[in-house]
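Source file: model12.cif (mmCIF, C-alpha atoms)
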data_protein
loop_
_atom_site.label_atom_id
_atom_site.label_comp_id
_atom_site.auth_asym_id
_atom_site.auth_seq_id
_atom_site.Cartn_x
_atom_site.Cartn_y
_atom_site.Cartn_z
CA MET G 1 25.25 33.18 2.87
CA ASN G 2 28.00 32.62 0.35
CA LYS G 3 27.64 30.78 -2.92
CA LYS G 4 29.41 27.66 -1.64
CA ASP G 5 27.00 27.32 1.31
CA LEU G 6 24.03 27.79 -1.02
CA ILE G 7 25.26 25.02 -3.34
CA ILE G 8 25.68 22.66 -0.35
CA ILE G 9 22.14 23.39 0.86
CA ILE G 10 20.75 22.78 -2.64
CA LEU G 11 22.64 19.49 -2.87
CA ILE G 12 21.30 18.40 0.52
CA LEU G 13 17.76 19.27 -0.57
CA LEU G 14 18.18 17.36 -3.84
CA ILE G 15 19.57 14.29 -2.05
CA SER G 16 16.71 14.43 0.48
CA LEU G 17 14.17 14.75 -2.32
CA ASP G 18 15.78 11.88 -4.21
CA PHE G 19 15.60 9.71 -1.08
CA LEU G 20 11.92 10.52 -0.59
CA VAL G 21 11.12 9.74 -4.22
CA TRP G 22 12.83 6.34 -4.05
CA ARG G 23 11.17 5.63 -0.69
CA VAL G 24 7.76 6.26 -2.27
CA ILE G 25 8.67 4.07 -5.25
CA PHE G 26 9.77 1.18 -3.05
CA LYS G 27 6.76 1.58 -0.78
CA THR G 28 4.42 1.65 -3.77
CA HIS G 29 5.95 -1.58 -5.06
CA LEU G 30 4.91 -3.45 -1.91
CA VAL G 31 1.57 -5.02 -2.83
CA SER G 32 -1.37 -4.74 -0.43
CA ASN G 33 -2.75 -8.17 -1.32
CA ASN G 34 -1.19 -11.46 -2.38
CA GLU G 35 -1.30 -11.67 -6.17
CA ILE G 36 -1.28 -14.40 -8.79
CA TYR G 37 -0.55 -13.48 -12.39
CA PHE G 38 -1.22 -15.82 -15.28
CA LEU G 39 1.08 -14.40 -17.91
CA ASP G 40 0.52 -14.15 -21.64
CA VAL G 41 3.50 -16.04 -23.07
CA GLY G 42 1.68 -17.46 -26.08
CA GLN G 43 1.32 -21.23 -26.32
CA GLY G 44 3.01 -21.99 -23.02
CA ASP G 45 2.68 -21.63 -19.27
CA SER G 46 3.90 -18.98 -16.84
CA GLU G 47 2.52 -17.89 -13.48
CA PHE G 48 3.98 -15.18 -11.25
CA LEU G 49 3.24 -15.18 -7.52
CA ASN G 50 3.75 -11.83 -5.80
CA PHE G 51 3.36 -11.89 -2.02
CA LYS G 52 2.80 -9.02 0.37
CA ASP G 53 6.07 -9.61 2.21
CA GLY G 54 8.01 -9.14 -1.03
CA ILE G 55 8.60 -12.81 -1.91
CA GLN G 56 8.30 -13.48 -5.64
CA ILE G 57 7.96 -16.90 -7.28
CA LEU G 58 7.78 -17.72 -10.99
CA ILE G 59 6.22 -21.01 -12.06
CA ASP G 60 7.24 -21.82 -15.65
CA ALA G 61 8.39 -19.19 -18.12
CA GLY G 62 6.97 -19.97 -21.56
CA ARG G 63 9.27 -20.71 -24.47
CA GLY G 64 11.03 -17.45 -25.43
CA ASN G 65 11.57 -13.82 -24.48
CA LYS G 66 7.88 -13.00 -23.96
CA ILE G 67 8.43 -13.61 -20.27
CA LEU G 68 10.69 -10.54 -20.13
CA LYS G 69 8.00 -8.31 -21.61
CA GLU G 70 5.40 -9.65 -19.21
CA LEU G 71 7.58 -9.12 -16.15
CA SER G 72 8.49 -5.62 -17.31
CA LEU G 73 4.79 -4.75 -17.13
CA LEU G 74 4.56 -6.00 -13.55
CA LEU G 75 7.83 -5.03 -11.90
CA PRO G 76 9.67 -1.71 -11.54
CA PHE G 77 12.91 -1.50 -13.52
CA TYR G 78 15.08 -1.89 -10.42
CA ASP G 79 13.48 -5.19 -9.35
CA LYS G 80 15.67 -7.85 -10.98
CA TYR G 81 15.51 -10.58 -8.36
CA ILE G 82 13.13 -13.56 -8.22
CA ASP G 83 13.29 -15.73 -5.11
CA LEU G 84 12.27 -19.01 -6.74
CA VAL G 85 11.87 -20.14 -10.32
CA ILE G 86 9.94 -23.40 -10.60
CA VAL G 87 9.70 -25.38 -13.83
CA SER G 88 6.84 -27.87 -13.76
CA HIS G 89 8.52 -30.20 -16.27
CA PRO G 90 11.27 -29.98 -18.90
CA GLU G 91 9.33 -29.13 -22.04
CA ILE G 92 10.36 -26.07 -24.01
CA ASP G 93 7.04 -24.20 -23.65
CA HIS G 94 7.52 -24.30 -19.88
CA TYR G 95 11.27 -23.79 -19.40
CA GLY G 96 12.47 -22.02 -22.56
CA GLY G 97 11.95 -18.53 -21.16
CA VAL G 98 14.21 -19.24 -18.17
CA VAL G 99 17.21 -18.96 -20.50
CA ASN G 100 16.17 -15.39 -21.36
CA LEU G 101 15.39 -14.66 -17.73
CA LEU G 102 18.94 -15.50 -16.67
CA GLU G 103 20.31 -12.65 -18.78
CA TYR G 104 18.43 -9.98 -16.82
CA PHE G 105 17.36 -11.42 -13.46
CA LYS G 106 19.07 -12.96 -10.48
CA ILE G 107 17.40 -16.11 -9.19
CA GLY G 108 17.49 -17.29 -5.59
CA ALA G 109 16.94 -20.98 -6.44
CA PHE G 110 15.71 -23.16 -9.30
CA ILE G 111 13.23 -25.98 -8.67
CA PHE G 112 12.13 -28.78 -10.99
CA ASN G 113 11.04 -32.43 -10.95
CA GLY G 114 14.49 -33.97 -11.46
CA LYS G 115 13.75 -35.25 -14.96
CA ILE G 116 16.40 -34.26 -17.50
CA PRO G 117 15.73 -35.52 -21.04
CA LEU G 118 18.91 -36.58 -22.79
CA ASN G 119 20.22 -34.44 -25.64
CA SER G 120 17.75 -31.68 -24.89
CA LYS G 121 18.09 -27.91 -24.47
CA PHE G 122 17.12 -28.46 -20.86
CA GLU G 123 20.58 -29.95 -20.23
CA SER G 124 22.05 -26.67 -21.46
CA LEU G 125 19.79 -24.71 -19.08
CA ILE G 126 20.99 -26.80 -16.13
CA GLU G 127 24.60 -26.03 -17.08
CA LYS G 128 23.84 -22.30 -17.25
CA LEU G 129 22.29 -22.45 -13.78
CA LYS G 130 25.32 -24.26 -12.40
CA ALA G 131 27.68 -21.75 -13.99
CA ARG G 132 25.82 -18.96 -12.16
CA GLN G 133 25.94 -20.97 -8.93
CA ILE G 134 22.16 -20.94 -8.62
CA PRO G 135 20.99 -23.69 -6.25
CA ILE G 136 19.10 -26.44 -8.09
CA ILE G 137 16.47 -28.30 -6.06
CA THR G 138 14.34 -31.29 -7.06
CA LEU G 139 10.93 -31.75 -5.47
CA ALA G 140 8.30 -34.49 -5.52
CA LYS G 141 5.10 -35.51 -3.78
CA SER G 142 4.83 -34.53 -0.08
CA ASP G 143 7.44 -31.76 -0.29
CA LYS G 144 6.42 -28.32 0.89
CA ILE G 145 7.57 -24.71 0.42
CA LEU G 146 6.71 -22.32 3.23
CA ILE G 147 6.25 -18.75 2.04
CA GLY G 148 6.80 -16.46 5.01
CA ASN G 149 4.04 -16.91 7.55
CA GLN G 150 1.20 -16.34 5.13
CA ALA G 151 1.22 -19.06 2.49
CA GLU G 152 2.57 -22.45 1.47
CA LEU G 153 3.11 -24.44 -1.70
CA LEU G 154 2.36 -28.14 -1.35
CA VAL G 155 3.77 -30.58 -3.91
CA LEU G 156 1.02 -33.10 -4.70
CA SER G 157 2.72 -34.85 -7.61
CA PRO G 158 4.73 -36.52 -9.12
CA ASP G 159 4.92 -39.61 -6.95
CA LEU G 160 8.37 -41.06 -7.60
CA GLN G 161 6.97 -44.54 -7.02
CA GLU G 162 4.80 -44.17 -10.11
CA SER G 163 5.87 -44.68 -13.71
CA TYR G 164 4.30 -42.73 -16.57
CA PRO G 165 4.83 -43.07 -20.33
CA SER G 166 4.54 -39.29 -20.84
CA LEU G 167 6.86 -36.59 -19.52
CA ASN G 168 3.78 -34.42 -19.06
CA ASP G 169 2.48 -36.63 -16.27
CA TYR G 170 5.66 -36.03 -14.27
CA SER G 171 4.73 -32.34 -14.03
CA LEU G 172 5.08 -30.80 -10.60
CA VAL G 173 1.54 -30.27 -9.36
CA LEU G 174 1.50 -27.49 -6.78
CA GLU G 175 -1.28 -26.44 -4.43
CA LEU G 176 -0.93 -22.86 -3.22
CA VAL G 177 -2.71 -22.17 0.05
CA VAL G 178 -3.14 -18.50 1.01
CA GLY G 179 -5.43 -18.16 4.00
CA LYS G 180 -8.44 -20.22 3.02
CA VAL G 181 -7.92 -19.73 -0.71
CA LYS G 182 -6.61 -22.77 -2.57
CA SER G 183 -5.09 -22.68 -6.06
CA LEU G 184 -3.81 -25.61 -8.12
CA PHE G 185 -1.03 -25.40 -10.72
CA THR G 186 -1.13 -28.51 -12.86
CA GLY G 187 1.55 -28.25 -15.55
CA ASP G 188 0.59 -30.57 -18.40
CA ILE G 189 -0.83 -33.54 -16.49
CA SER G 190 -3.42 -35.77 -18.11
CA SER G 191 -6.55 -37.33 -16.63
CA VAL G 192 -4.36 -40.26 -15.49
CA VAL G 193 -2.70 -38.08 -12.84
CA GLU G 194 -5.91 -36.17 -12.16
CA LYS G 195 -7.56 -39.44 -11.13
CA LYS G 196 -4.74 -40.10 -8.67
CA LEU G 197 -4.96 -36.57 -7.26
CA ILE G 198 -8.65 -36.83 -6.39
CA LYS G 199 -8.02 -40.26 -4.88
CA ASP G 200 -5.15 -39.06 -2.68
CA TYR G 201 -6.41 -35.58 -1.73
CA GLY G 202 -9.66 -33.92 -0.81
CA LEU G 203 -9.22 -31.07 -3.26
CA ASN G 204 -11.75 -28.27 -3.11
CA LEU G 205 -10.37 -25.49 -5.29
CA ASP G 206 -10.95 -21.80 -5.64
CA ILE G 207 -8.52 -21.35 -8.56
CA LEU G 208 -7.42 -23.88 -11.18
CA LYS G 209 -4.63 -23.49 -13.70
CA VAL G 210 -6.19 -25.75 -16.35
CA ALA G 211 -3.79 -28.53 -17.33
CA HIS G 212 -2.04 -28.75 -20.71
CA HIS G 213 -3.49 -25.56 -22.21
CA GLY G 214 -7.02 -26.99 -22.29
CA SER G 215 -6.19 -30.35 -23.88
CA ARG G 216 -9.13 -32.73 -24.22
CA TYR G 217 -7.06 -35.40 -22.45
CA SER G 218 -6.94 -33.33 -19.26
CA SER G 219 -9.59 -31.67 -17.07
CA SER G 220 -11.80 -34.73 -16.96
CA GLN G 221 -15.39 -34.29 -15.81
CA GLU G 222 -14.70 -36.47 -12.77
CA PHE G 223 -11.75 -34.30 -11.74
CA LEU G 224 -13.67 -31.06 -12.16
CA GLN G 225 -16.72 -32.35 -10.27
CA LYS G 226 -14.51 -33.38 -7.35
CA THR G 227 -12.46 -30.16 -7.23
CA THR G 228 -15.21 -27.67 -8.24
CA PRO G 229 -12.92 -24.75 -9.13
CA LYS G 230 -14.62 -21.37 -8.90
CA ILE G 231 -12.15 -19.76 -11.32
CA SER G 232 -10.27 -21.54 -14.11
CA ILE G 233 -7.45 -20.08 -16.18
CA ILE G 234 -6.36 -21.58 -19.50
CA GLU G 235 -2.88 -20.49 -20.59
CA VAL G 236 -2.85 -20.80 -24.34
CA GLY G 237 -1.76 -19.08 -27.52
CA GLU G 238 -1.95 -19.67 -31.26
CA ASN G 239 -1.52 -23.42 -31.84
CA SER G 240 -2.32 -26.33 -34.13
CA TYR G 241 -3.44 -28.69 -31.35
CA GLY G 242 -6.97 -27.39 -30.98
CA HIS G 243 -6.28 -25.94 -27.52
CA PRO G 244 -8.41 -25.18 -25.66
CA HIS G 245 -10.67 -28.02 -26.72
CA PRO G 246 -14.40 -27.10 -26.85
CA GLU G 247 -15.23 -30.13 -24.71
CA VAL G 248 -13.00 -28.82 -21.92
CA ILE G 249 -14.84 -25.48 -21.99
CA LYS G 250 -18.13 -27.38 -21.69
CA ARG G 251 -16.85 -29.46 -18.77
CA LEU G 252 -15.79 -26.34 -16.92
CA ALA G 253 -19.16 -24.74 -17.59
CA ARG G 254 -20.94 -27.79 -16.17
CA VAL G 255 -19.29 -27.25 -12.78
CA GLY G 256 -20.01 -23.52 -12.83
CA SER G 257 -16.41 -22.37 -13.14
CA ARG G 258 -15.62 -18.88 -14.45
CA VAL G 259 -13.19 -19.42 -17.34
CA TYR G 260 -10.47 -17.04 -18.53
CA THR G 261 -7.82 -17.55 -21.19
CA THR G 262 -4.55 -15.69 -21.80
CA THR G 263 -5.22 -15.23 -25.52
CA GLN G 264 -6.22 -11.61 -24.92
CA GLY G 265 -3.51 -10.85 -22.36
CA GLY G 266 -2.59 -11.96 -18.87
CA VAL G 267 -4.97 -12.40 -15.96
CA LYS G 268 -4.38 -11.09 -12.43
CA LEU G 269 -6.00 -12.48 -9.30
CA SER G 270 -5.73 -10.57 -6.03
CA ILE G 271 -6.34 -12.37 -2.72
CA SER G 272 -7.18 -10.14 0.25
CA ASP G 273 -6.62 -10.83 3.95
CA LYS G 274 -10.33 -11.66 4.13
CA ASP G 275 -9.86 -14.37 1.48
CA LYS G 276 -11.71 -12.36 -1.14
CA ILE G 277 -10.58 -12.90 -4.75
CA LYS G 278 -10.68 -10.09 -7.28
CA ILE G 279 -10.07 -10.74 -10.96
CA PHE G 280 -8.36 -8.25 -13.26
CA ARG G 281 -6.97 -8.28 -16.74
CA LYS G 282 -3.29 -7.66 -16.10
CA ILE G 283 -3.05 -4.36 -17.98
#
As structure tokens:
Amino acid sequence: MNKKDLIIIILILLISLDFLVWRVIFKTHLVSNNEIYFLDVGQGDSEFLNFKDGIQILIDAGRGNKILKELSLLLPFYDKYIDLVIVSHPEIDHYGGVVNLLEYFKIGAFIFNGKIPLNSKFESLIEKLKARQIPIITLAKSDKILIGNQAELLVLSPDLQESYPSLNDYSLVLELVVGKVKSLFTGDISSVVEKKLIKDYGLNLDILKVAHHGSRYSSSQEFLQKTTPKISIIEVGENSYGHPHPEVIKRLARVGSRVYTTTQGGVKLSISDKDKIKIFRKI
């Protein structure tokens, strides 16, 4: 065997090895269960949904570049595509991180509630999305997102027939149904919208993203008694608002909900095919 033939064989072996390594990496990245991550973005909201079939959805993105650090802990370096980015409502602690996201990730589509405050940074975000030709979709009550053949996101609010004095109450409220497991993402709604939700829907929740970072004006006792969440996550950071309010913690305790906050890092929930929920700290 001459030297040239030996070099060719070595190259073939290296290429084959490289292929096998990347195949293992990609295979490892496919999750065995459907996962919900409640990310630590400080005083703000961000939830990452990672489905077994590879679909990835981000709900809210906090206010700054913390979202990039959080995603870097979850995703391999080559994964720079998110199928859907949903912003519950146009307040900076929910949409601000999307601006940073656009610099490093490709987005399949952007979804929000259609409310664009005048003279706000949100207008600038919309222009950036348009410049990148990212589809912009507005959703409201009764809309639905089908996620493969395993899950669906139901839009429970806002009702466009209703008028609210606060932008918070126009938050997209999303119910994620995976098998028999039901999760509710509430944005920053107050008890005003909560009352309407329990009137319009027979909500019986496994997982609750506590509204408005644990504000005392949300998570009413009536709402919690009707929905009886088994697990409640409060996304909160250092703040001057008194979030989460001690009364909200007491209300959750009264209905027997297990409460987690993102002050010590993100929280991961894994939902198995048998509808079993496992809870992990993200790291």
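Using only C-alpha atoms, the shortest contact distance between Leu252 in chain G and any of G:Ser220, G:Ser120, G:Gln161, G:Asn50 is found at G:Ser220.
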Resolved residues for the PyMOL selection byres ((chain G and resi 197) around 10) as a ChimeraX atom specification: /G:156-158,173,191-196,198-203,223,227
Could those selected residues go to a file with C-alpha atoms, as a CSV table (one decimal), in the frame of the given file?
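To be explicit, this is the file written out as selection_35.csv:
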chain,number,residue,atom,x,y,z
G,156,LEU,CA,1.0,-33.1,-4.7
G,157,SER,CA,2.7,-34.8,-7.6
G,158,PRO,CA,4.7,-36.5,-9.1
G,173,VAL,CA,1.5,-30.3,-9.4
G,191,SER,CA,-6.6,-37.3,-16.6
G,192,VAL,CA,-4.4,-40.3,-15.5
G,193,VAL,CA,-2.7,-38.1,-12.8
G,194,GLU,CA,-5.9,-36.2,-12.2
G,195,LYS,CA,-7.6,-39.4,-11.1
G,196,LYS,CA,-4.7,-40.1,-8.7
G,198,ILE,CA,-8.6,-36.8,-6.4
G,199,LYS,CA,-8.0,-40.3,-4.9
G,200,ASP,CA,-5.2,-39.1,-2.7
G,201,TYR,CA,-6.4,-35.6,-1.7
G,202,GLY,CA,-9.7,-33.9,-0.8
G,203,LEU,CA,-9.2,-31.1,-3.3
G,223,PHE,CA,-11.8,-34.3,-11.7
G,227,THR,CA,-12.5,-30.2,-7.2
Interatomic distance between CA of Leu30 in chain G and CA of Lys106 in chain G? 19.1 Å
Give me the residues within 7 Å of range 82-94 of chain G as a ChimeraX atom specification, counting only C-alpha atoms and dropping any in the same chain fewer than 3 places off. /G:43-45,55-63,106-113,116,122,168,170-172,187
Dump C-alpha atoms for the selected residues as a PDB file, keeping the file's coordinate frame?
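Saved to result_19.pdb:
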ATOM      1  CA  GLN G  43       1.320 -21.230 -26.320  1.00  0.00           C
ATOM      2  CA  GLY G  44       3.010 -21.990 -23.020  1.00  0.00           C
ATOM      3  CA  ASP G  45       2.680 -21.630 -19.270  1.00  0.00           C
ATOM      4  CA  ILE G  55       8.600 -12.810  -1.910  1.00  0.00           C
ATOM      5  CA  GLN G  56       8.300 -13.480  -5.640  1.00  0.00           C
ATOM      6  CA  ILE G  57       7.960 -16.900  -7.280  1.00  0.00           C
ATOM      7  CA  LEU G  58       7.780 -17.720 -10.990  1.00  0.00           C
ATOM      8  CA  ILE G  59       6.220 -21.010 -12.060  1.00  0.00           C
ATOM      9  CA  ASP G  60       7.240 -21.820 -15.650  1.00  0.00           C
ATOM     10  CA  ALA G  61       8.390 -19.190 -18.120  1.00  0.00           C
ATOM     11  CA  GLY G  62       6.970 -19.970 -21.560  1.00  0.00           C
ATOM     12  CA  ARG G  63       9.270 -20.710 -24.470  1.00  0.00           C
ATOM     13  CA  LYS G 106      19.070 -12.960 -10.480  1.00  0.00           C
ATOM     14  CA  ILE G 107      17.400 -16.110  -9.190  1.00  0.00           C
ATOM     15  CA  GLY G 108      17.490 -17.290  -5.590  1.00  0.00           C
ATOM     16  CA  ALA G 109      16.940 -20.980  -6.440  1.00  0.00           C
ATOM     17  CA  PHE G 110      15.710 -23.160  -9.300  1.00  0.00           C
ATOM     18  CA  ILE G 111      13.230 -25.980  -8.670  1.00  0.00           C
ATOM     19  CA  PHE G 112      12.130 -28.780 -10.990  1.00  0.00           C
ATOM     20  CA  ASN G 113      11.040 -32.430 -10.950  1.00  0.00           C
ATOM     21  CA  ILE G 116      16.400 -34.260 -17.500  1.00  0.00           C
ATOM     22  CA  PHE G 122      17.120 -28.460 -20.860  1.00  0.00           C
ATOM     23  CA  ASN G 168       3.780 -34.420 -19.060  1.00  0.00           C
ATOM     24  CA  TYR G 170       5.660 -36.030 -14.270  1.00  0.00           C
ATOM     25  CA  SER G 171       4.730 -32.340 -14.030  1.00  0.00           C
ATOM     26  CA  LEU G 172       5.080 -30.800 -10.600  1.00  0.00           C
ATOM     27  CA  GLY G 187       1.550 -28.250 -15.550  1.00  0.00           C
TER      28      GLY G 187
END
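Residues selected in this file by the PyMOL selection byres ((chain G and resi 64-78) around 7) comprise Leu39, Val41, Ala61, Gly62, Arg63, Asp79, Lys80, Gly96, Gly97, Asn100 and Leu101 of chain G.
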What's around Tyr217 in chain G at 12 Å? Count all atoms listed in the file, leave out sequence neighbours fewer than 4 positions away in its own chain, and write the answer as a list of chain:residue names. G:Asn168, G:Asp169, G:Asp188, G:Ile189, G:Ser190, G:Ser191, G:Val192, G:Val193, G:Glu194, G:Val210, G:Ala211, G:His212, G:His213, G:Gln221, G:Phe223, G:Tyr241, G:Gly242, G:His243, G:Pro244, G:His245, G:Pro246, G:Glu247, G:Val248
Residue IDs satisfying the PyMOL selection byres ((chain G and resi 276) around 12), as a PyMOL selection string: chain G and resi 33-35+178-182+206+269-275+277-279
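Of the residues listed (G:Leu146, G:Ile233, G:Ala140, G:Ile126), G:Ala140 shows the shortest atom-to-atom separation from Glu162 in chain G; distances use only C-alpha atoms.
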If we count only C-alpha atoms and set the cut-off at 9 Å, which residues sit around Thr262 in chain G, ignoring sequence neighbours fewer than 5 positions away in its own chain? Please answer as a PyMOL selection string. chain G and resi 38-42+233-237+267
Residue neighbourhood Tyr37 in chain G, 7 Å, only C-alpha atoms, exclusion window fewer than 6 positions, as number ranges by chain: G: 47-49, 266-269
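Restricting the calculation to only C-alpha atoms, the smallest distance between Lys128 in chain G and any of G:Val99, G:Ile147, G:Val155, G:Val259 is found for G:Val99.
For the pair CA of Ser46 in chain G and CA of Ser218 in chain G, the interatomic distance is 18.1 Å.
Interatomic distance, CA of Leu129 in chain G against CA of Ile145 in chain G: 20.6 Å.
Minimum atom-to-atom distances from G:Arg132, G:Lys250, G:Arg258, G:Lys144 to Leu208 in chain G were compared using only C-alpha atoms, and the lowest value belongs to G:Arg258.
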